[in-house]
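Below is entry_5.cif, holding mmCIF, C-alpha atoms.
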data_data
loop_
_atom_site.label_atom_id
_atom_site.label_comp_id
_atom_site.auth_asym_id
_atom_site.auth_seq_id
_atom_site.Cartn_x
_atom_site.Cartn_y
_atom_site.Cartn_z
CA MET R 1 149.52 119.80 77.05
CA LEU R 2 149.26 116.42 75.36
CA HIS R 3 146.96 113.93 77.11
CA HIS R 4 146.71 110.19 76.57
CA ALA R 5 143.86 107.73 76.30
CA LEU R 6 146.34 104.86 76.69
CA ASN R 7 149.82 104.79 78.14
CA LEU R 8 151.95 101.66 78.42
CA ASP R 9 154.81 102.69 80.70
CA MET R 10 157.85 100.38 80.72
CA VAL R 11 155.61 97.35 80.23
CA THR R 12 156.77 93.76 79.85
CA LEU R 13 154.13 91.70 78.07
CA PRO R 14 153.31 88.14 79.13
CA GLY R 15 154.54 85.14 77.17
CA ASP R 16 157.37 84.74 74.69
CA SER R 17 156.76 88.15 73.23
CA ALA R 18 158.04 89.63 69.98
CA TRP R 19 157.59 93.09 71.49
CA PRO R 20 160.26 95.31 72.99
CA ALA R 21 160.86 94.60 76.67
CA PRO R 22 160.19 96.92 78.27
CA LEU R 23 157.67 98.58 75.96
CA SER R 24 156.59 102.20 76.28
CA LEU R 25 153.77 103.31 74.01
CA ALA R 26 151.25 106.14 74.36
CA VAL R 27 148.12 106.90 72.36
CA ALA R 28 146.83 110.46 72.72
CA PHE R 29 143.22 111.59 72.87
CA ASN R 30 141.64 111.12 69.41
CA GLU R 31 144.93 109.86 67.96
CA VAL R 32 145.13 106.87 65.60
CA VAL R 33 148.29 104.79 65.95
CA LEU R 34 149.01 102.05 63.41
CA ILE R 35 151.41 99.18 64.12
CA GLU R 36 152.39 97.08 61.12
CA GLY R 37 154.15 93.73 61.24
CA ALA R 38 151.97 92.56 64.13
CA GLY R 39 149.98 89.53 63.03
CA LEU R 40 147.31 87.90 65.17
CA ALA R 41 149.57 85.83 67.40
CA VAL R 42 151.88 88.78 67.96
CA SER R 43 149.17 91.38 68.54
CA SER R 44 147.16 89.41 71.11
CA PRO R 45 149.43 89.94 74.18
CA LEU R 46 149.54 93.70 73.62
CA LEU R 47 145.81 94.04 72.99
CA GLU R 48 144.87 91.94 76.01
CA VAL R 49 147.08 93.98 78.31
CA ALA R 50 145.93 97.29 76.79
CA SER R 51 142.27 96.31 77.22
CA THR R 52 142.81 95.21 80.88
CA LEU R 53 141.98 91.57 80.08
CA ALA R 54 145.51 90.51 81.06
CA SER R 55 148.09 91.94 83.43
CA PRO R 56 151.59 92.90 82.33
CA VAL R 57 154.56 91.09 83.84
CA ALA R 58 155.97 94.48 84.80
CA GLY R 59 155.23 98.15 84.23
CA HIS R 60 152.09 100.26 84.31
CA VAL R 61 149.06 100.44 82.03
CA ARG R 62 147.20 103.73 82.29
CA HIS R 63 143.90 104.73 80.70
CA TRP R 64 143.14 108.45 80.69
CA GLY R 65 145.88 108.90 83.27
CA ARG R 66 144.64 106.26 85.74
CA ASP R 67 146.52 103.04 86.44
CA ALA R 68 144.28 100.07 85.61
CA ALA R 69 145.89 97.93 88.32
CA THR R 70 144.70 100.28 91.07
CA ARG R 71 141.04 100.25 90.06
CA ARG R 72 138.44 98.31 92.00
CA ARG R 73 136.51 95.60 90.19
CA GLU R 74 133.38 97.68 89.61
CA LYS R 75 135.42 100.63 88.29
CA LEU R 76 137.34 98.29 86.02
CA PHE R 77 134.06 97.16 84.46
CA ARG R 78 133.10 100.80 83.89
CA LEU R 79 136.47 101.42 82.29
CA ARG R 80 135.94 98.54 79.86
CA ARG R 81 132.70 100.16 78.68
CA ARG R 82 134.86 102.99 77.31
CA ILE R 83 137.09 100.58 75.38
CA ALA R 84 136.36 98.64 72.21
CA TYR R 85 138.49 95.50 71.98
CA ILE R 86 138.28 93.63 68.68
CA SER R 87 140.18 90.43 67.94
CA PRO R 88 139.40 86.94 66.62
CA GLN R 89 139.12 85.84 70.27
CA GLN R 90 136.02 88.00 70.71
CA VAL R 91 132.84 85.91 70.45
CA LEU R 92 129.11 86.48 70.09
CA LEU R 93 126.45 84.74 72.18
CA HIS R 94 125.14 81.95 69.96
CA LEU R 95 121.65 81.75 71.51
CA MET R 96 120.98 85.38 70.66
CA SER R 97 120.40 87.02 67.29
CA LEU R 98 122.99 89.38 65.82
CA ALA R 99 120.73 92.31 66.70
CA GLU R 100 120.51 91.16 70.32
CA ASN R 101 124.27 90.69 70.49
CA ILE R 102 124.99 94.12 69.03
CA ALA R 103 122.49 95.89 71.29
CA LEU R 104 123.43 93.97 74.44
CA GLY R 105 125.71 96.60 75.97
CA PRO R 106 123.40 99.64 75.61
CA CYS R 107 120.38 97.56 76.66
CA TYR R 108 122.15 96.43 79.83
CA TYR R 109 123.76 99.69 80.86
CA GLN R 110 121.06 102.12 79.70
CA GLY R 111 117.97 99.98 80.31
CA CYS R 112 116.68 100.61 76.79
CA SER R 113 115.05 98.30 74.27
CA GLU R 114 116.89 96.64 71.39
CA ALA R 115 115.22 98.99 68.89
CA GLU R 116 116.14 102.04 70.96
CA ALA R 117 119.74 100.83 71.25
CA LEU R 118 120.18 100.26 67.52
CA ALA R 119 118.24 103.24 66.14
CA PRO R 120 121.10 105.78 66.49
CA HIS R 121 123.43 103.35 64.69
CA ALA R 122 121.41 102.65 61.55
CA ASP R 123 124.17 104.13 59.38
CA LEU R 124 126.79 101.90 61.02
CA LEU R 125 124.71 98.78 60.39
CA GLU R 126 124.19 99.89 56.80
CA GLN R 127 127.90 100.50 56.23
CA LEU R 128 128.73 97.05 57.60
CA GLU R 129 125.93 95.52 55.50
CA LEU R 130 124.42 93.84 58.52
CA LYS R 131 120.76 94.81 58.26
CA ALA R 132 119.78 91.72 56.28
CA HIS R 133 121.34 89.46 58.93
CA LEU R 134 120.15 90.99 62.19
CA THR R 135 117.55 88.29 62.87
CA GLN R 136 120.03 85.46 62.33
CA ASN R 137 122.04 83.76 65.05
CA PRO R 138 125.85 83.81 64.92
CA THR R 139 125.96 80.15 63.89
CA GLN R 140 123.90 80.96 60.81
CA VAL R 141 126.18 83.59 59.26
CA SER R 142 129.52 83.58 57.47
CA ASN R 143 132.80 84.41 59.17
CA ALA R 144 132.76 87.79 57.46
CA ILE R 145 129.33 88.73 58.80
CA TYR R 146 130.29 87.41 62.24
CA GLY R 147 133.36 89.65 62.27
CA ARG R 148 131.34 92.68 61.21
CA ALA R 149 128.86 92.03 64.02
CA VAL R 150 131.69 91.98 66.56
CA TRP R 151 132.81 95.40 65.31
CA ALA R 152 129.24 96.70 65.44
CA ARG R 153 128.74 95.41 68.99
CA GLU R 154 131.88 97.18 70.18
CA LEU R 155 131.18 100.48 68.40
CA VAL R 156 127.57 100.87 69.56
CA LYS R 157 128.96 101.08 73.12
CA GLY R 158 130.35 104.48 72.13
CA PRO R 159 133.97 103.66 73.00
CA GLU R 160 136.55 106.39 73.47
CA LEU R 161 139.45 104.00 72.79
CA ILE R 162 139.45 101.38 70.02
CA LEU R 163 141.94 98.51 70.25
CA ALA R 164 141.84 96.20 67.26
CA ALA R 165 143.66 93.49 65.37
CA ILE R 166 142.92 93.88 61.65
CA SER R 167 142.36 90.37 60.30
CA GLY R 168 140.04 88.15 58.30
CA GLU R 169 137.81 90.01 55.85
CA PHE R 170 139.16 93.37 57.02
CA ALA R 171 142.68 92.40 55.95
CA THR R 172 141.45 92.19 52.33
CA THR R 173 141.27 95.21 50.03
CA ALA R 174 137.47 95.46 49.97
CA GLY R 175 137.03 94.69 53.66
CA ALA R 176 139.72 97.18 54.70
CA ALA R 177 138.05 99.90 52.62
CA MET R 178 134.72 99.17 54.32
CA LEU R 179 136.23 99.28 57.81
CA ALA R 180 138.26 102.41 57.09
CA THR R 181 135.04 104.19 56.10
CA VAL R 182 133.31 102.99 59.26
CA LEU R 183 136.17 104.18 61.46
CA ARG R 184 136.48 107.54 59.72
CA GLU R 185 132.78 108.29 60.15
CA TYR R 186 132.69 107.01 63.72
CA ARG R 187 135.61 109.22 64.72
CA THR R 188 134.12 112.21 62.89
CA ARG R 189 130.85 111.78 64.75
CA TYR R 190 132.03 110.75 68.21
CA GLY R 191 135.80 111.13 68.38
CA ALA R 192 137.96 108.29 69.67
CA ALA R 193 141.55 107.20 69.99
CA ALA R 194 142.52 104.02 68.16
CA LEU R 195 145.35 101.51 68.16
CA LEU R 196 145.21 99.28 65.07
CA LEU R 197 147.55 96.32 64.56
CA GLY R 198 148.06 94.08 61.54
CA ASP R 199 150.49 92.64 59.05
CA SER R 200 149.72 95.44 56.57
CA LEU R 201 147.64 98.55 57.27
CA GLU R 202 148.07 100.57 54.09
CA ALA R 203 144.30 100.98 53.70
CA PHE R 204 144.26 102.83 57.03
CA TYR R 205 147.19 105.18 56.41
CA HIS R 206 144.88 108.10 55.69
CA LEU R 207 143.38 107.72 59.18
CA GLY R 208 146.67 107.34 60.99
CA HIS R 209 148.58 109.98 62.90
CA ARG R 210 151.54 107.70 63.55
CA LEU R 211 152.78 104.54 61.85
CA LEU R 212 155.10 102.12 63.65
CA LEU R 213 156.74 98.99 62.30
CA LEU R 214 157.34 96.02 64.58
CA GLU R 215 160.51 94.39 63.36
CA ALA R 216 163.14 92.28 65.12
CA GLY R 217 161.72 93.05 68.54
CA GLN R 218 161.76 96.81 67.98
CA LEU R 219 159.16 99.44 67.15
CA ARG R 220 160.41 101.76 64.44
CA LYS R 221 158.67 104.95 63.41
CA GLN R 222 157.68 105.12 59.74
CA THR R 223 156.65 108.08 57.61
CA ILE R 224 153.09 108.21 56.35
CA LEU R 225 153.55 109.76 52.92
CA GLU R 226 149.99 111.12 52.83
CA HIS R 227 150.92 113.45 55.71
CA ARG R 228 153.49 115.44 53.75
CA ALA R 229 150.79 117.61 52.20
CA ARG R 230 148.81 118.01 55.44
CA PRO R 231 149.21 120.82 57.97
CA LEU R 232 150.69 119.86 61.32
CA THR R 233 147.46 120.56 63.19
CA ALA R 234 145.57 118.03 61.04
CA TYR R 235 147.11 115.05 62.73
CA LEU R 236 148.58 116.16 66.06
CA PRO R 237 145.85 115.80 68.73
CA LEU R 238 146.74 118.87 70.75
CA VAL R 239 144.42 120.05 73.53
#
Please express what this file holds, its structure, as structure tokens.
Amino acid sequence: MLHHALNLDMVTLPGDSAWPAPLSLAVAFNEVVLIEGAGLAVSSPLLEVASTLASPVAGHVRHWGRDAATRRREKLFRLRRRIAYISPQQVLLHLMSLAENIALGPCYYQGCSEAEALAPHADLLEQLELKAHLTQNPTQVSNAIYGRAVWARELVKGPELILAAISGEFATTAGAAMLATVLREYRTRYGAAALLLGDSLEAFYHLGHRLLLLEAGQLRKQTILEHRARPLTAYLPLV
């Protein structure tokens, strides 16, 4: 039986949307779905609804089989701990250092110290080249470092579902290669489903199980050429 970490069932997104209306889209456990042709302005309505930060006009949004709209406030907060949401709208707290920002979630929920929260993620901080900047405040670092810190903050929560708009540094060749390595190692170590959106996601094809193209208000399935030489079980998340 195929299970889903995220299921958008006949959803109408808010605003003047470029998405199909209604939209049905499911992301299975540990599956990576790539949607190309979805720039920042286009991706935001979908990501906000999928992360429970906005309500759909119509339809149902389910996470691990449960409808988000039926959850009580405290259970909704617990649900969001299981989700990483990364977009340019995500901000860091400017009066705290990068290290404090990144460790904030584990420190709050687990009652641990900053050092204890970050210790298991030394490799992640190294891969994102953040170690030299951990004592700096967000206002003191470049946009690239700021964006990496947002990713680090979301991943140290140990999310089971990653929702992300690929933009800024990570839309460049070098940045995309860095992030692809981070995601591959995170998923190898912890496992997670992911929905990645961007204008072009070629650098992430080797991670993807499905590739969709948003074009003229429709989602069209595309072939990932790298999969032709892979066995079926390598990219179908069957349980």
What would the selection look like, as number ranges by chain, if the PyMOL selection byres ((chain R and resi 10-26) around 12) were run on the coordinates I just shared? R: 2-9, 27-35, 37-50, 53-65, 193-195, 210, 212-221
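Each of R:Thr52, R:Gln89, R:Gln140, R:Gln127 was checked against Lys75 in chain R using only C-alpha atoms; the smallest atom-to-atom distance is that of R:Thr52.
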Given the PyMOL selection byres ((chain R and resi 204-207) around 7), the residues it picks as a list in words: Val32, Ala180, Arg184, Leu201, Glu202, Ala203, Gly208, His209, Ile224 and Glu226 of chain R
Which of R:Glu114, R:Glu160, R:Glu100, R:Glu154 sits closest to His133 in chain R [using all atoms listed in the file]: R:Glu100
Which residues, written as a PyMOL selection string, have at least one atom at most 6 Å from range 161-173 of chain R, with all atoms listed in the file counted and residues fewer than 2 positions away on the same chain left out? chain R and resi 83-87+144+159+175-176+192-198
Please enumerate the residues selected by the PyMOL selection byres ((chain R and resi 121) around 12) when evaluated against the supplied file, formatted as a short mmCIF file (atom, residue, chain, number, x, y, z; two decimals) with C-alpha atoms, keeping the file's coordinate frame.
data_model
loop_
_atom_site.label_atom_id
_atom_site.label_comp_id
_atom_site.auth_asym_id
_atom_site.auth_seq_id
_atom_site.Cartn_x
_atom_site.Cartn_y
_atom_site.Cartn_z
CA ALA R 99 120.73 92.31 66.70
CA ILE R 102 124.99 94.12 69.03
CA ALA R 103 122.49 95.89 71.29
CA PRO R 106 123.40 99.64 75.61
CA GLU R 114 116.89 96.64 71.39
CA ALA R 115 115.22 98.99 68.89
CA GLU R 116 116.14 102.04 70.96
CA ALA R 117 119.74 100.83 71.25
CA LEU R 118 120.18 100.26 67.52
CA ALA R 119 118.24 103.24 66.14
CA PRO R 120 121.10 105.78 66.49
CA ALA R 122 121.41 102.65 61.55
CA ASP R 123 124.17 104.13 59.38
CA LEU R 124 126.79 101.90 61.02
CA LEU R 125 124.71 98.78 60.39
CA GLU R 126 124.19 99.89 56.80
CA GLN R 127 127.90 100.50 56.23
CA LEU R 128 128.73 97.05 57.60
CA LEU R 130 124.42 93.84 58.52
CA LYS R 131 120.76 94.81 58.26
CA ALA R 152 129.24 96.70 65.44
CA ARG R 153 128.74 95.41 68.99
CA GLU R 154 131.88 97.18 70.18
CA LEU R 155 131.18 100.48 68.40
CA VAL R 156 127.57 100.87 69.56
CA LYS R 157 128.96 101.08 73.12
CA GLY R 158 130.35 104.48 72.13
CA VAL R 182 133.31 102.99 59.26
CA GLU R 185 132.78 108.29 60.15
CA TYR R 186 132.69 107.01 63.72
CA ARG R 189 130.85 111.78 64.75
CA TYR R 190 132.03 110.75 68.21
#
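Distances to Met178 in chain R were evaluated for R:Pro138, R:Met96, R:Trp151, R:Ser200 using all atoms listed in the file, and the minimum falls at R:Trp151.
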